[in-house]
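Colleague: Contents of my_file_38.txt (compact mmCIF, C-alpha atoms):
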```txt
# COMPACT_ATOMS: atom_id res chain seq x y z
CA MET I 1 97.50 26.46 8.61
CA SER I 2 95.59 29.53 9.69
CA SER I 3 93.16 30.15 12.47
CA THR I 4 90.34 32.65 12.83
CA ASN I 5 90.93 35.24 15.52
CA SER I 6 87.93 35.68 17.80
CA ASN I 7 88.06 39.39 17.04
CA ASN I 8 87.79 38.71 13.28
CA LYS I 9 84.80 36.40 13.21
CA ILE I 10 82.98 36.12 9.90
CA ASN I 11 79.58 37.79 9.91
CA THR I 12 77.28 34.90 8.99
CA SER I 13 74.00 36.81 9.06
CA THR I 14 71.76 36.51 6.02
CA GLU I 15 71.35 40.28 5.94
CA ASN I 16 75.10 40.67 5.58
CA MET I 17 75.18 38.31 2.60
CA TYR I 18 72.46 40.32 0.89
CA ALA I 19 74.41 43.49 1.59
CA GLN I 20 77.54 41.94 0.04
CA LEU I 21 75.45 41.20 -3.06
CA GLY I 22 74.33 44.82 -3.40
CA ILE I 23 70.97 44.86 -1.59
CA SER I 24 70.37 47.94 0.55
CA ASP I 25 68.84 47.75 4.03
CA GLU I 26 65.82 49.63 2.70
CA VAL I 27 65.13 47.06 -0.02
CA TYR I 28 65.84 44.12 2.30
CA ASP I 29 63.38 45.32 4.95
CA TYR I 30 60.67 46.11 2.39
CA CYS I 31 60.95 42.64 0.82
CA LYS I 32 61.15 40.78 4.13
CA LYS I 33 57.86 42.26 5.30
CA ILE I 34 56.15 41.14 2.10
CA LEU I 35 57.68 37.68 2.33
CA ASP I 36 56.48 37.19 5.91
CA ASP I 37 52.89 37.84 4.79
CA LEU I 38 53.08 35.19 2.05
CA ALA I 39 53.56 32.14 4.28
CA PRO I 40 49.96 30.79 3.92
CA ARG I 41 50.10 31.21 0.13
CA PHE I 42 53.40 29.37 -0.09
CA GLU I 43 52.04 26.50 1.99
CA MET I 44 49.37 25.87 -0.65
CA ILE I 45 52.01 25.86 -3.41
CA ASP I 46 54.04 23.32 -1.44
CA LYS I 47 51.01 21.05 -1.07
CA ASN I 48 50.47 21.01 -4.84
CA ALA I 49 54.18 20.32 -5.35
CA GLU I 50 53.94 17.34 -3.00
CA TYR I 51 51.01 15.92 -4.97
CA ASN I 52 52.81 16.38 -8.29
CA GLN I 53 56.02 14.90 -6.92
CA LEU I 54 54.14 11.76 -5.98
CA LYS I 55 52.44 11.70 -9.39
CA VAL I 56 55.82 11.77 -11.17
CA LEU I 57 57.25 9.14 -8.83
CA LYS I 58 54.28 6.82 -9.40
CA ALA I 59 54.65 7.17 -13.19
CA MET I 60 58.35 6.27 -12.98
CA GLN I 61 57.62 3.26 -10.80
CA ASP I 62 54.67 2.09 -12.89
CA CYS I 63 56.80 2.27 -16.06
CA LYS I 64 59.63 0.37 -14.36
CA VAL I 65 62.38 2.94 -14.87
CA SER I 66 65.68 1.08 -14.39
CA GLU I 67 69.36 1.95 -14.29
CA ALA I 68 69.60 0.74 -17.89
CA CYS I 69 67.14 3.48 -18.90
CA LEU I 70 69.71 6.15 -18.02
CA LEU I 71 72.40 4.97 -20.45
CA GLY I 72 71.19 6.04 -23.89
CA THR I 73 72.16 5.13 -27.46
CA THR I 74 73.98 6.48 -30.51
CA GLY I 75 73.52 6.11 -34.26
CA TYR I 76 70.02 5.19 -35.33
CA GLY I 77 68.84 4.69 -31.77
CA TYR I 78 66.91 1.51 -32.48
CA ASN I 79 65.47 -0.19 -29.39
CA ASP I 80 66.43 2.67 -27.07
CA LEU I 81 64.99 1.39 -23.79
CA GLY I 82 65.49 4.64 -21.89
CA ARG I 83 63.94 6.81 -24.61
CA ASP I 84 60.90 4.58 -25.02
CA THR I 85 60.40 4.26 -21.25
CA LEU I 86 60.69 8.02 -20.77
CA GLU I 87 57.95 8.54 -23.34
CA ALA I 88 55.80 6.04 -21.46
CA VAL I 89 56.44 8.01 -18.25
CA TYR I 90 55.30 11.25 -19.91
CA ALA I 91 52.19 9.53 -21.26
CA SER I 92 51.46 8.26 -17.74
CA ILE I 93 51.92 11.70 -16.13
CA PHE I 94 49.70 13.43 -18.70
CA HIS I 95 47.21 10.51 -18.87
CA THR I 96 47.58 10.21 -22.64
CA GLU I 97 47.81 7.38 -25.14
CA ASP I 98 51.33 8.25 -26.27
CA ALA I 99 54.14 10.80 -26.03
CA LEU I 100 57.13 12.00 -28.04
CA VAL I 101 60.02 13.27 -25.87
CA ARG I 102 63.19 13.95 -27.83
CA PRO I 103 66.43 15.94 -27.74
CA GLN I 104 65.95 16.36 -31.50
CA ILE I 105 63.09 18.77 -30.69
CA THR I 106 65.15 21.93 -30.31
CA CYS I 107 62.80 24.27 -28.41
CA GLY I 108 59.18 25.02 -27.54
CA THR I 109 58.50 26.76 -30.86
CA HIS I 110 59.89 23.73 -32.70
CA ALA I 111 57.66 21.39 -30.68
CA LEU I 112 54.59 23.48 -31.48
CA ALA I 113 55.51 23.77 -35.17
CA LEU I 114 56.04 20.01 -35.28
CA ALA I 115 52.64 19.31 -33.73
CA LEU I 116 50.89 21.73 -36.10
CA MET I 117 52.67 20.82 -39.33
CA SER I 118 52.27 17.08 -38.77
CA ASN I 119 48.55 17.22 -38.05
CA LEU I 120 47.44 19.80 -40.63
CA ARG I 121 47.19 19.31 -44.38
CA PRO I 122 46.70 21.68 -47.34
CA GLY I 123 43.13 22.98 -47.27
CA ASP I 124 42.79 22.64 -43.48
CA GLU I 125 42.18 25.61 -41.24
CA LEU I 126 43.83 26.41 -37.89
CA LEU I 127 41.85 28.34 -35.29
CA SER I 128 43.12 30.23 -32.25
CA PRO I 129 40.15 31.07 -30.00
CA VAL I 130 42.34 32.84 -27.40
CA GLY I 131 43.74 35.70 -29.48
CA LYS I 132 47.18 36.17 -30.98
CA PRO I 133 49.66 33.37 -30.34
CA TYR I 134 53.19 33.86 -29.04
CA ASP I 135 55.37 35.98 -31.36
CA THR I 136 57.55 33.14 -32.68
CA LEU I 137 54.46 31.22 -33.84
CA GLU I 138 53.40 34.06 -36.12
CA GLU I 139 55.98 32.98 -38.69
CA VAL I 140 55.17 29.29 -38.19
CA ILE I 141 51.52 30.00 -39.02
CA GLY I 142 52.26 32.62 -41.66
CA ILE I 143 50.68 35.62 -39.94
CA ARG I 144 54.05 37.17 -40.71
CA PRO I 145 55.31 35.69 -44.00
CA SER I 146 58.17 33.23 -43.57
CA LYS I 147 59.68 30.40 -45.59
CA GLY I 148 58.07 27.06 -44.81
CA SER I 149 55.09 28.51 -42.94
CA LEU I 150 51.74 26.75 -42.77
CA ALA I 151 50.34 29.43 -45.08
CA GLU I 152 52.84 28.40 -47.78
CA TYR I 153 51.41 24.89 -47.59
CA GLY I 154 47.83 26.06 -48.01
CA VAL I 155 46.76 25.96 -44.37
CA THR I 156 44.53 28.92 -43.51
CA TYR I 157 44.23 30.60 -40.13
CA LYS I 158 41.47 32.23 -38.11
CA GLN I 159 41.70 34.00 -34.80
CA VAL I 160 39.09 35.03 -32.25
CA ASP I 161 40.30 37.51 -29.67
CA LEU I 162 39.39 37.31 -26.02
CA LEU I 163 36.81 39.78 -24.75
CA GLU I 164 38.01 42.85 -22.86
CA ASP I 165 37.51 41.13 -19.50
CA GLY I 166 39.66 38.19 -20.62
CA SER I 167 36.73 35.79 -21.14
CA PHE I 168 36.17 33.67 -24.24
CA ASP I 169 34.11 35.15 -27.08
CA TYR I 170 31.95 32.05 -27.43
CA GLU I 171 29.60 33.64 -29.98
CA ASN I 172 32.39 34.42 -32.46
CA ILE I 173 34.24 31.15 -31.73
CA LYS I 174 31.10 29.28 -32.82
CA LYS I 175 30.93 31.38 -36.00
CA ALA I 176 34.63 30.75 -36.75
CA ILE I 177 34.35 26.95 -36.66
CA ASN I 178 33.56 25.53 -40.10
CA ASP I 179 34.07 22.44 -42.27
CA LYS I 180 37.75 23.32 -42.81
CA THR I 181 38.57 23.73 -39.12
CA LYS I 182 40.94 20.83 -38.39
CA LEU I 183 42.92 21.98 -35.35
CA VAL I 184 42.35 24.45 -32.53
CA THR I 185 45.42 25.83 -30.76
CA ILE I 186 45.00 27.09 -27.21
CA GLN I 187 47.89 28.95 -25.63
CA ARG I 188 47.77 28.45 -21.87
CA SER I 189 50.27 31.15 -20.93
CA LYS I 190 50.03 34.82 -21.81
CA GLY I 191 53.11 35.17 -24.03
CA TYR I 192 54.02 38.82 -24.61
CA GLN I 193 50.53 39.94 -23.67
CA THR I 194 48.97 41.07 -20.43
CA ARG I 195 45.92 38.81 -20.64
CA PRO I 196 45.23 36.28 -17.89
CA THR I 197 46.87 32.87 -18.11
CA LEU I 198 44.26 30.17 -18.67
CA SER I 199 43.53 27.74 -15.87
CA VAL I 200 43.17 24.06 -16.73
CA GLU I 201 39.51 24.33 -15.72
CA ARG I 202 38.88 27.18 -18.19
CA ILE I 203 40.73 25.31 -20.92
CA GLY I 204 38.45 22.32 -20.27
CA GLU I 205 35.35 24.50 -20.59
CA LEU I 206 36.59 25.90 -23.90
CA ILE I 207 37.44 22.45 -25.28
CA ALA I 208 34.02 21.10 -24.28
CA PHE I 209 32.34 24.01 -26.09
CA ILE I 210 34.40 23.44 -29.24
CA LYS I 211 33.95 19.65 -29.24
CA ASP I 212 30.19 20.10 -28.86
CA ILE I 213 30.22 22.03 -32.14
CA LYS I 214 32.74 19.83 -33.98
CA PRO I 215 33.64 16.60 -32.12
CA ASP I 216 36.42 15.53 -34.50
CA VAL I 217 38.46 18.76 -34.28
CA ILE I 218 41.93 18.38 -32.72
CA CYS I 219 42.41 20.56 -29.64
CA MET I 220 46.08 21.29 -28.96
CA VAL I 221 47.30 23.17 -25.87
CA ASP I 222 50.58 25.08 -25.77
CA ASN I 223 51.45 24.01 -22.23
CA CYS I 224 54.71 25.97 -21.91
CA TYR I 225 55.30 27.34 -18.39
CA GLY I 226 52.20 25.56 -17.04
CA GLU I 227 53.34 22.01 -16.25
CA PHE I 228 53.02 21.01 -12.56
CA VAL I 229 51.57 24.37 -11.50
CA GLU I 230 48.19 22.70 -10.94
CA ARG I 231 47.37 19.12 -9.97
CA ILE I 232 45.84 18.37 -13.37
CA GLU I 233 46.97 19.07 -16.93
CA PRO I 234 44.98 20.05 -20.05
CA THR I 235 44.89 16.43 -21.24
CA ASP I 236 42.88 15.64 -18.12
CA VAL I 237 40.09 17.95 -19.39
CA GLY I 238 39.85 16.91 -23.04
CA ALA I 239 42.94 18.23 -24.86
CA ASP I 240 44.05 15.94 -27.69
CA MET I 241 47.66 17.16 -27.44
CA VAL I 242 49.80 19.10 -25.00
CA VAL I 243 53.10 20.52 -26.17
CA GLY I 244 56.05 21.97 -24.26
CA SER I 245 59.77 22.53 -23.88
CA LEU I 246 62.15 20.58 -21.66
CA ILE I 247 64.16 23.70 -20.82
CA LYS I 248 61.06 25.00 -19.10
CA ASN I 249 59.12 23.33 -16.25
CA PRO I 250 59.34 19.59 -17.06
CA GLY I 251 63.13 19.58 -17.50
CA GLY I 252 63.61 20.68 -13.89
CA GLY I 253 66.61 22.81 -14.88
CA LEU I 254 68.69 19.76 -15.82
CA ALA I 255 67.51 18.96 -19.35
CA PRO I 256 70.00 20.63 -21.74
CA ILE I 257 67.61 20.62 -24.74
CA GLY I 258 64.41 18.98 -25.91
CA GLY I 259 60.66 19.15 -26.20
CA TYR I 260 57.62 16.94 -25.80
CA ILE I 261 54.25 16.23 -27.38
CA ALA I 262 51.80 14.08 -25.40
CA GLY I 263 48.34 13.09 -26.52
CA LYS I 264 46.25 10.88 -28.78
CA LYS I 265 48.28 8.12 -30.42
CA GLU I 266 47.52 9.25 -33.96
CA CYS I 267 48.53 12.86 -33.24
CA VAL I 268 51.80 11.77 -31.65
CA GLU I 269 52.57 9.30 -34.45
CA ASN I 270 52.01 12.04 -37.03
CA ALA I 271 54.48 14.24 -35.16
CA ALA I 272 57.05 11.44 -34.98
CA PHE I 273 56.87 10.81 -38.73
CA ARG I 274 57.36 14.52 -39.31
CA LEU I 275 60.27 14.74 -36.87
CA THR I 276 62.19 11.81 -38.41
CA SER I 277 60.83 10.36 -41.65
CA PRO I 278 57.74 8.62 -43.00
CA GLY I 279 58.18 4.93 -42.27
CA LEU I 280 60.61 5.54 -39.39
CA GLY I 281 58.73 7.66 -36.86
CA LYS I 282 59.50 6.91 -33.21
CA GLU I 283 61.74 3.94 -34.02
CA VAL I 284 64.81 6.11 -34.62
CA GLY I 285 66.42 9.01 -32.78
CA ALA I 286 69.36 8.29 -30.50
CA SER I 287 69.26 9.72 -27.00
CA LEU I 288 73.00 10.54 -27.02
CA GLY I 289 73.72 10.12 -23.33
CA ILE I 290 71.38 12.79 -21.95
CA LEU I 291 68.57 10.55 -20.70
CA SER I 292 69.85 10.72 -17.14
CA ASP I 293 69.33 14.51 -17.21
CA PHE I 294 65.84 14.07 -18.70
CA TYR I 295 64.78 11.61 -15.99
CA HIS I 296 66.50 13.46 -13.16
CA GLY I 297 65.10 16.82 -14.26
CA LEU I 298 61.58 15.43 -14.59
CA PHE I 299 61.81 13.98 -11.09
CA LEU I 300 62.81 17.39 -9.67
CA ALA I 301 60.37 19.35 -11.84
CA PRO I 302 57.44 19.63 -9.38
CA THR I 303 59.57 21.19 -6.62
CA VAL I 304 61.59 23.35 -9.03
CA THR I 305 58.32 24.62 -10.52
CA ALA I 306 57.00 25.36 -7.02
CA GLY I 307 60.08 27.49 -6.26
CA ALA I 308 59.58 29.44 -9.49
CA LEU I 309 55.89 29.88 -8.69
CA LYS I 310 56.72 31.32 -5.27
CA GLY I 311 59.12 33.73 -6.96
CA ALA I 312 56.35 34.93 -9.28
CA VAL I 313 53.96 35.52 -6.37
CA PHE I 314 56.71 37.36 -4.47
CA ALA I 315 57.39 39.60 -7.49
CA ALA I 316 53.70 40.42 -7.95
CA ASN I 317 53.35 41.53 -4.35
CA ILE I 318 56.51 43.65 -4.43
CA TYR I 319 55.68 45.57 -7.59
CA GLU I 320 51.92 45.88 -7.08
CA LYS I 321 52.51 47.61 -3.75
CA LEU I 322 54.72 50.11 -5.57
CA GLY I 323 51.83 51.02 -7.87
CA PHE I 324 52.75 49.05 -11.00
CA LYS I 325 50.21 46.92 -12.86
CA VAL I 326 51.07 43.25 -12.46
CA VAL I 327 49.52 40.26 -14.26
CA PRO I 328 48.48 38.09 -12.48
CA ASP I 329 47.85 40.43 -9.56
CA SER I 330 49.10 39.69 -6.07
CA ASN I 331 46.05 37.66 -5.03
CA GLU I 332 45.02 35.80 -8.19
CA SER I 333 45.25 32.03 -8.52
CA ARG I 334 48.26 30.87 -10.55
CA HIS I 335 48.25 28.74 -13.67
CA ASP I 336 51.79 29.25 -14.95
CA ILE I 337 55.11 30.52 -13.59
CA ILE I 338 55.21 33.81 -15.52
CA GLN I 339 54.82 37.20 -13.86
CA ALA I 340 54.28 40.30 -15.98
CA VAL I 341 55.05 43.79 -14.66
CA GLU I 342 54.01 46.84 -16.68
CA PHE I 343 56.46 49.72 -16.31
CA GLY I 344 55.13 51.98 -19.08
CA THR I 345 58.66 52.95 -20.10
CA PRO I 346 61.59 51.19 -21.77
CA GLU I 347 63.81 52.25 -18.86
CA GLY I 348 61.78 50.17 -16.41
CA VAL I 349 61.98 47.02 -18.54
CA ILE I 350 65.72 47.45 -19.07
CA ALA I 351 66.46 48.15 -15.39
CA PHE I 352 64.48 45.07 -14.32
CA CYS I 353 66.37 42.83 -16.75
CA LYS I 354 69.70 44.26 -15.63
CA GLY I 355 68.79 43.29 -12.07
CA ILE I 356 67.99 39.71 -13.10
CA GLN I 357 71.27 39.40 -14.98
CA ALA I 358 73.23 40.78 -12.03
CA ALA I 359 71.62 38.10 -9.83
CA ALA I 360 72.69 35.20 -12.06
CA PRO I 361 75.24 32.50 -11.19
CA VAL I 362 76.54 32.62 -14.79
CA ASP I 363 77.46 35.83 -16.68
CA SER I 364 76.40 38.07 -13.80
CA PHE I 365 79.01 40.59 -14.93
CA VAL I 366 77.47 41.25 -18.37
CA THR I 367 74.81 43.84 -19.17
CA PRO I 368 71.76 42.82 -21.23
CA GLU I 369 70.69 45.16 -24.03
CA PRO I 370 67.66 45.17 -26.37
CA TRP I 371 68.35 43.61 -29.78
CA ASP I 372 66.65 42.48 -32.99
CA MET I 373 65.99 38.89 -31.98
CA PRO I 374 64.87 36.49 -34.75
CA GLY I 375 61.14 35.72 -34.75
CA TYR I 376 59.99 38.95 -33.05
CA ASP I 377 58.48 42.15 -34.46
CA ALA I 378 60.24 44.51 -32.03
CA GLN I 379 63.52 44.66 -30.19
CA VAL I 380 63.62 42.27 -27.24
CA ILE I 381 65.74 42.34 -24.10
CA MET I 382 66.54 39.05 -22.40
CA ALA I 383 68.30 38.39 -19.12
CA ALA I 384 69.32 34.87 -18.16
CA GLY I 385 72.63 33.86 -16.67
CA ALA I 386 71.74 30.19 -16.89
CA PHE I 387 73.51 26.84 -16.71
CA VAL I 388 71.47 25.85 -19.79
CA SER I 389 71.45 28.59 -22.39
CA GLY I 390 67.98 30.08 -22.75
CA SER I 391 66.48 27.95 -19.99
CA SER I 392 63.47 29.84 -18.67
CA ILE I 393 62.88 27.55 -15.70
CA GLU I 394 66.09 29.15 -14.47
CA LEU I 395 65.98 32.74 -13.20
CA SER I 396 65.21 34.84 -16.26
CA ALA I 397 63.32 37.83 -17.58
CA ASP I 398 62.57 39.27 -20.98
CA GLY I 399 60.27 41.62 -22.79
CA PRO I 400 59.69 43.44 -26.08
CA ILE I 401 60.64 47.10 -26.19
CA LYS I 402 57.17 48.31 -27.18
CA PRO I 403 54.05 49.54 -25.34
CA PRO I 404 52.90 48.81 -22.68
CA TYR I 405 56.58 48.15 -21.85
CA ALA I 406 55.94 45.06 -19.78
CA VAL I 407 58.63 42.72 -18.54
CA TYR I 408 58.03 39.00 -18.08
CA PHE I 409 59.77 37.28 -15.19
CA GLN I 410 59.98 33.55 -14.63
CA GLY I 411 62.05 30.78 -13.14
CA GLY I 412 64.55 30.18 -10.40
CA LEU I 413 65.85 26.68 -9.71
CA THR I 414 65.35 27.41 -6.01
CA PHE I 415 63.04 29.89 -4.36
CA GLU I 416 66.03 31.37 -2.52
CA HIS I 417 67.55 32.34 -5.85
CA ALA I 418 64.23 33.63 -7.23
CA ARG I 419 63.82 35.74 -4.09
CA PHE I 420 67.26 37.28 -4.46
CA GLY I 421 66.69 37.89 -8.17
CA ILE I 422 63.51 39.85 -7.50
CA MET I 423 65.21 41.86 -4.75
CA LYS I 424 68.02 42.64 -7.20
CA THR I 425 65.51 43.87 -9.80
CA LEU I 426 63.95 46.17 -7.22
CA GLN I 427 67.37 47.55 -6.30
CA SER I 428 68.13 48.12 -10.00
CA VAL I 429 64.78 49.79 -10.68
CA ILE I 430 65.23 52.10 -7.68
CA ASP I 431 68.82 52.93 -8.62
CA ALA I 432 67.63 53.80 -12.15
CA GLY I 433 65.05 56.21 -10.75
CA VAL I 434 62.11 54.24 -12.14
CA ALA I 435 60.59 53.69 -8.68
CA LYS I 436 61.19 54.53 -5.07
CA LEU I 437 60.16 53.00 -1.78
```
Using the file provided, produce a representation of the structure as C-alpha cells.

Modeller:
Amino acid sequence: MSSTNSNNKINTSTENMYAQLGISDEVYDYCKKILDDLAPRFEMIDKNAEYNQLKVLKAMQDCKVSEACLLGTTGYGYNDLGRDTLEAVYASIFHTEDALVRPQITCGTHALALALMSNLRPGDELLSPVGKPYDTLEEVIGIRPSKGSLAEYGVTYKQVDLLEDGSFDYENIKKAINDKTKLVTIQRSKGYQTRPTLSVERIGELIAFIKDIKPDVICMVDNCYGEFVERIEPTDVGADMVVGSLIKNPGGGLAPIGGYIAGKKECVENAAFRLTSPGLGKEVGASLGILSDFYHGLFLAPTVTAGALKGAVFAANIYEKLGFKVVPDSNESRHDIIQAVEFGTPEGVIAFCKGIQAAAPVDSFVTPEPWDMPGYDAQVIMAAGAFVSGSSIELSADGPIKPPYAVYFQGGLTFEHARFGIMKTLQSVIDAGVAKL
C-alpha cells in the first residue's frame, strides 16, 4: 500500500496534461483563444447531431431491431435476420426503397465500383458533372488504364469541370448529356482537390437540372464523409443511389470493415447480384459476428460525426489565422468532415501528418513517410494511428505530394481527441519551421 504525500500531489490541470503530451504554452494559449470563440458554431453542430441521433433511433425502433439481430450468421448466410434488418434501417434513414450493407464490401472505392459496374452496361456512358473524381476511381472508370475498368467493358466517360468559382457549368452539362448517358456520378466531398464540398441542397439542384433533361438517367452520389453532417441526405433531394464506407461516418468508429449502397430497389438489386452472383443477390452473405459493431457504430455515428466536424472547424480557424489557405474557410457552412489546408510545400504536408500520427492512440511512436500508394498518381503520405486500420472517421490526415501541397484532415472519435490532434499538428508545423505564431 502506498499513500500520496500532500507535498507530492499530482498536478491534475488540463494544461499540464497537454504539456506532458508535447504542447507548448504558446500553442496552448493560441488554440484556447480560438476555441473560446467557436462556442456558438459548435452549438449549431450539436443541434444537428441531436436531430440525426433521433433519426437513427427512430429507424432502429421502426425496424424492430432486437437482440437477435446482433448475433450474425456463417456459411451462406441465408435468412440472416440482423443483416436484413440492418439494411432496412439504412433504407429508413436514407428514405430509400432498399439498401445493401455488407462486410463483403471492402472499402468506399469498392462500394462505388460495385454501384457503377452493376448499373452500367457496354455502350452506356458515365458522366461526372462535378469535375475529376477521387483518384482511386480513375482506374475504376478507366481514365487511367487498369485491368477490369469500365472502359475495358465498353463504358465511355465524360466529364464537365466546375467553373472557376466552384459553380456548376450548366451549359456544358446540358451539352454532355446524350442518348448514351446512363448514369451520372456526383462526388459530394472534394477528394484531393481544393474545390468546395457540395451541400445537399446544391446536389438537389444539380439532380433536378439533369432529370429535367433526361428523366431516366441514374443519379448516384458518392456520399463519403458527408453522412449525418446535415439533417438531410442526397436521397432526400432526388438521388437514385448514395454510396459510402462504413469505416467513415456511418460506422461510428466501431465498424471494422464494410460499405453501403442505398437507393432505388432496382439499383440496389443490381449491385447485390454483382456483389454475390446472378440468382443469389442479397439472399447470401454471412455477417460473421460483426453486426453488433455495425449497429452500435451506426447508433453512435451522429455524435461521432459531430465531434469530427468540430475538429475540422477548429483546424480551419487555427490555420487560416496563420495565413494559410483553408477549404472550407473558417466561416463557411459545412457539408462533410474534411478540412483541407494548403501549405505550398511538401514540408508543410509532412509536418502536419507527423503531428497527427504523434497524437494517435495507436502507433503514435512511428513516423509517416510519403510512399507510392496503389491507385494514386503521386506519392501520398497518410497518418492514422487508428483502432480500425485506415478508418478515416478516426483522427487521420493524408495528402498527395504534389502542388498545391494540400493536406486533408478528418476524423476524431471524440472532439477532445480531434482538438489535441490539431494542436499537435500546429506544434509539429512550428517545430519544422513551416509556420510561427

Colleague: Would you compute the distance between atom CA of Thr194 of chain I and atom CA of Tyr170 of chain I? Give it in Å to one decimal.

Modeller: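 A separation of 20.5 Å between them.
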
Colleague: Any idea what's packed within 10 Å of segment 72-74 of chain I, counting all atoms listed in the file, ignoring anything in its chain fewer than 5 positions away? Could you give it as a short mmCIF file (atom, residue, chain, number, x, y, z; two decimals) with C-alpha atoms, in the frame of the given file?

Modeller:
```cif
data_model
loop_
_atom_site.label_atom_id
_atom_site.label_comp_id
_atom_site.auth_asym_id
_atom_site.auth_seq_id
_atom_site.Cartn_x
_atom_site.Cartn_y
_atom_site.Cartn_z
CA ASN I 79 65.47 -0.19 -29.39
CA ASP I 80 66.43 2.67 -27.07
CA LEU I 81 64.99 1.39 -23.79
CA GLY I 82 65.49 4.64 -21.89
CA ARG I 83 63.94 6.81 -24.61
CA GLY I 285 66.42 9.01 -32.78
CA ALA I 286 69.36 8.29 -30.50
CA SER I 287 69.26 9.72 -27.00
CA LEU I 288 73.00 10.54 -27.02
CA GLY I 289 73.72 10.12 -23.33
CA ILE I 290 71.38 12.79 -21.95
CA LEU I 291 68.57 10.55 -20.70
CA SER I 292 69.85 10.72 -17.14
#
```

Colleague: Using only C-alpha atoms, determine which residues lie at most 12 Å from segment 426-432 of chain I, disregarding the query and same-chain residues fewer than 4 positions distant; provide the list as number ranges by chain.

Modeller: I: 18-19, 21-28, 30-31, 314-319, 322, 341, 343, 345-359, 419-422, 436-437

Colleague: As an exercise, work out the distance from atom CA of Gly411 of chain I to atom CA of Ser391 of chain I in Å and give it to one decimal place.

Modeller: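 Separation between atom CA of Gly411 of chain I and atom CA of Ser391 of chain I: 8.6 Å.
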
Colleague: Hey, which of I:Met44, I:Leu275, I:Ile207, I:Val130 ends up closest to Asp161 of chain I? Count all atoms listed in the file.

Modeller: I:Val130

Colleague: Would you give me, as CSV, each residue of segment 216-252 of chain I having an atom within 12 Å of an atom of segment 101-118 of chain I, along with its shortest atom pair and that distance in Å to one decimal, using all atoms listed in the file and sorting by chain and residue number?

Modeller:
```
residue,atom,partner,partner_atom,distance
I:Ile218,CA,I:Leu116,CA,10.1
I:Cys219,CA,I:Leu116,CA,10.7
I:Met220,CA,I:Ala115,CA,8.3
I:Val221,CA,I:Leu112,CA,9.2
I:Asp222,CA,I:Leu112,CA,7.2
I:Asn223,CA,I:Gly108,CA,9.4
I:Cys224,CA,I:Gly108,CA,7.3
I:Tyr225,CA,I:Gly108,CA,10.2
I:Asp240,CA,I:Ala115,CA,11.0
I:Met241,CA,I:Ala115,CA,8.3
I:Val242,CA,I:Leu112,CA,9.2
I:Val243,CA,I:Leu112,CA,6.3
I:Gly244,CA,I:Gly108,CA,5.5
I:Ser245,CA,I:Gly108,CA,4.5
I:Leu246,CA,I:Cys107,CA,7.7
I:Ile247,CA,I:Cys107,CA,7.7
I:Lys248,CA,I:Gly108,CA,8.6
I:Asn249,CA,I:Gly108,CA,11.4
I:Pro250,CA,I:Val101,CA,10.9
I:Gly251,CA,I:Val101,CA,10.9
```

Colleague: In Å, with one decimal, what is the gap from atom CA of Glu43 of chain I to atom CA of Asn331 of chain I?

Modeller: 14.5 Å

Colleague: Show which residues sit within 6 Å of Ala59 of chain I, as an MDAnalysis selection string. Count only C-alpha atoms, and ignore same-chain residues fewer than 2 positions away.

Modeller: chainID I and resid 56:57 61:62 89 92

Colleague: Smallest atom-to-atom distance to Gly297 of chain I: which of I:Leu254, I:Leu100, I:Cys267, I:Leu413, using only C-alpha atoms?

Modeller: I:Leu254

Colleague: Just the residues within 12 Å of Thr414 of chain I, please, counting all atoms listed in the file, with nothing from its chain fewer than 2 positions along; format it as an mmCIF file with C-alpha atoms, in the frame of the given file.

Modeller:
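The result, stored in around.cif:
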```
data_model
loop_
_atom_site.group_PDB
_atom_site.id
_atom_site.type_symbol
_atom_site.label_atom_id
_atom_site.label_comp_id
_atom_site.auth_asym_id
_atom_site.auth_seq_id
_atom_site.Cartn_x
_atom_site.Cartn_y
_atom_site.Cartn_z
ATOM 1 C CA GLY I 252 63.610 20.680 -13.890
ATOM 2 C CA GLY I 253 66.610 22.810 -14.880
ATOM 3 C CA LEU I 300 62.810 17.390 -9.670
ATOM 4 C CA ALA I 301 60.370 19.350 -11.840
ATOM 5 C CA PRO I 302 57.440 19.630 -9.380
ATOM 6 C CA THR I 303 59.570 21.190 -6.620
ATOM 7 C CA VAL I 304 61.590 23.350 -9.030
ATOM 8 C CA THR I 305 58.320 24.620 -10.520
ATOM 9 C CA ALA I 306 57.000 25.360 -7.020
ATOM 10 C CA GLY I 307 60.080 27.490 -6.260
ATOM 11 C CA ALA I 308 59.580 29.440 -9.490
ATOM 12 C CA LEU I 309 55.890 29.880 -8.690
ATOM 13 C CA LYS I 310 56.720 31.320 -5.270
ATOM 14 C CA GLY I 311 59.120 33.730 -6.960
ATOM 15 C CA ILE I 393 62.880 27.550 -15.700
ATOM 16 C CA GLU I 394 66.090 29.150 -14.470
ATOM 17 C CA LEU I 395 65.980 32.740 -13.200
ATOM 18 C CA GLN I 410 59.980 33.550 -14.630
ATOM 19 C CA GLY I 411 62.050 30.780 -13.140
ATOM 20 C CA GLY I 412 64.550 30.180 -10.400
ATOM 21 C CA GLU I 416 66.030 31.370 -2.520
ATOM 22 C CA HIS I 417 67.550 32.340 -5.850
ATOM 23 C CA ALA I 418 64.230 33.630 -7.230
ATOM 24 C CA ARG I 419 63.820 35.740 -4.090
ATOM 25 C CA PHE I 420 67.260 37.280 -4.460
ATOM 26 C CA GLY I 421 66.690 37.890 -8.170
#
```

Colleague: List the spatial neighbours of Ala397 of chain I as a PyMOL selection string - criterion: any atom at most 6 Å away, all atoms listed in the file, same-chain residues fewer than 5 positions off excluded.

Modeller: chain I and resi 353+382-383+408-409
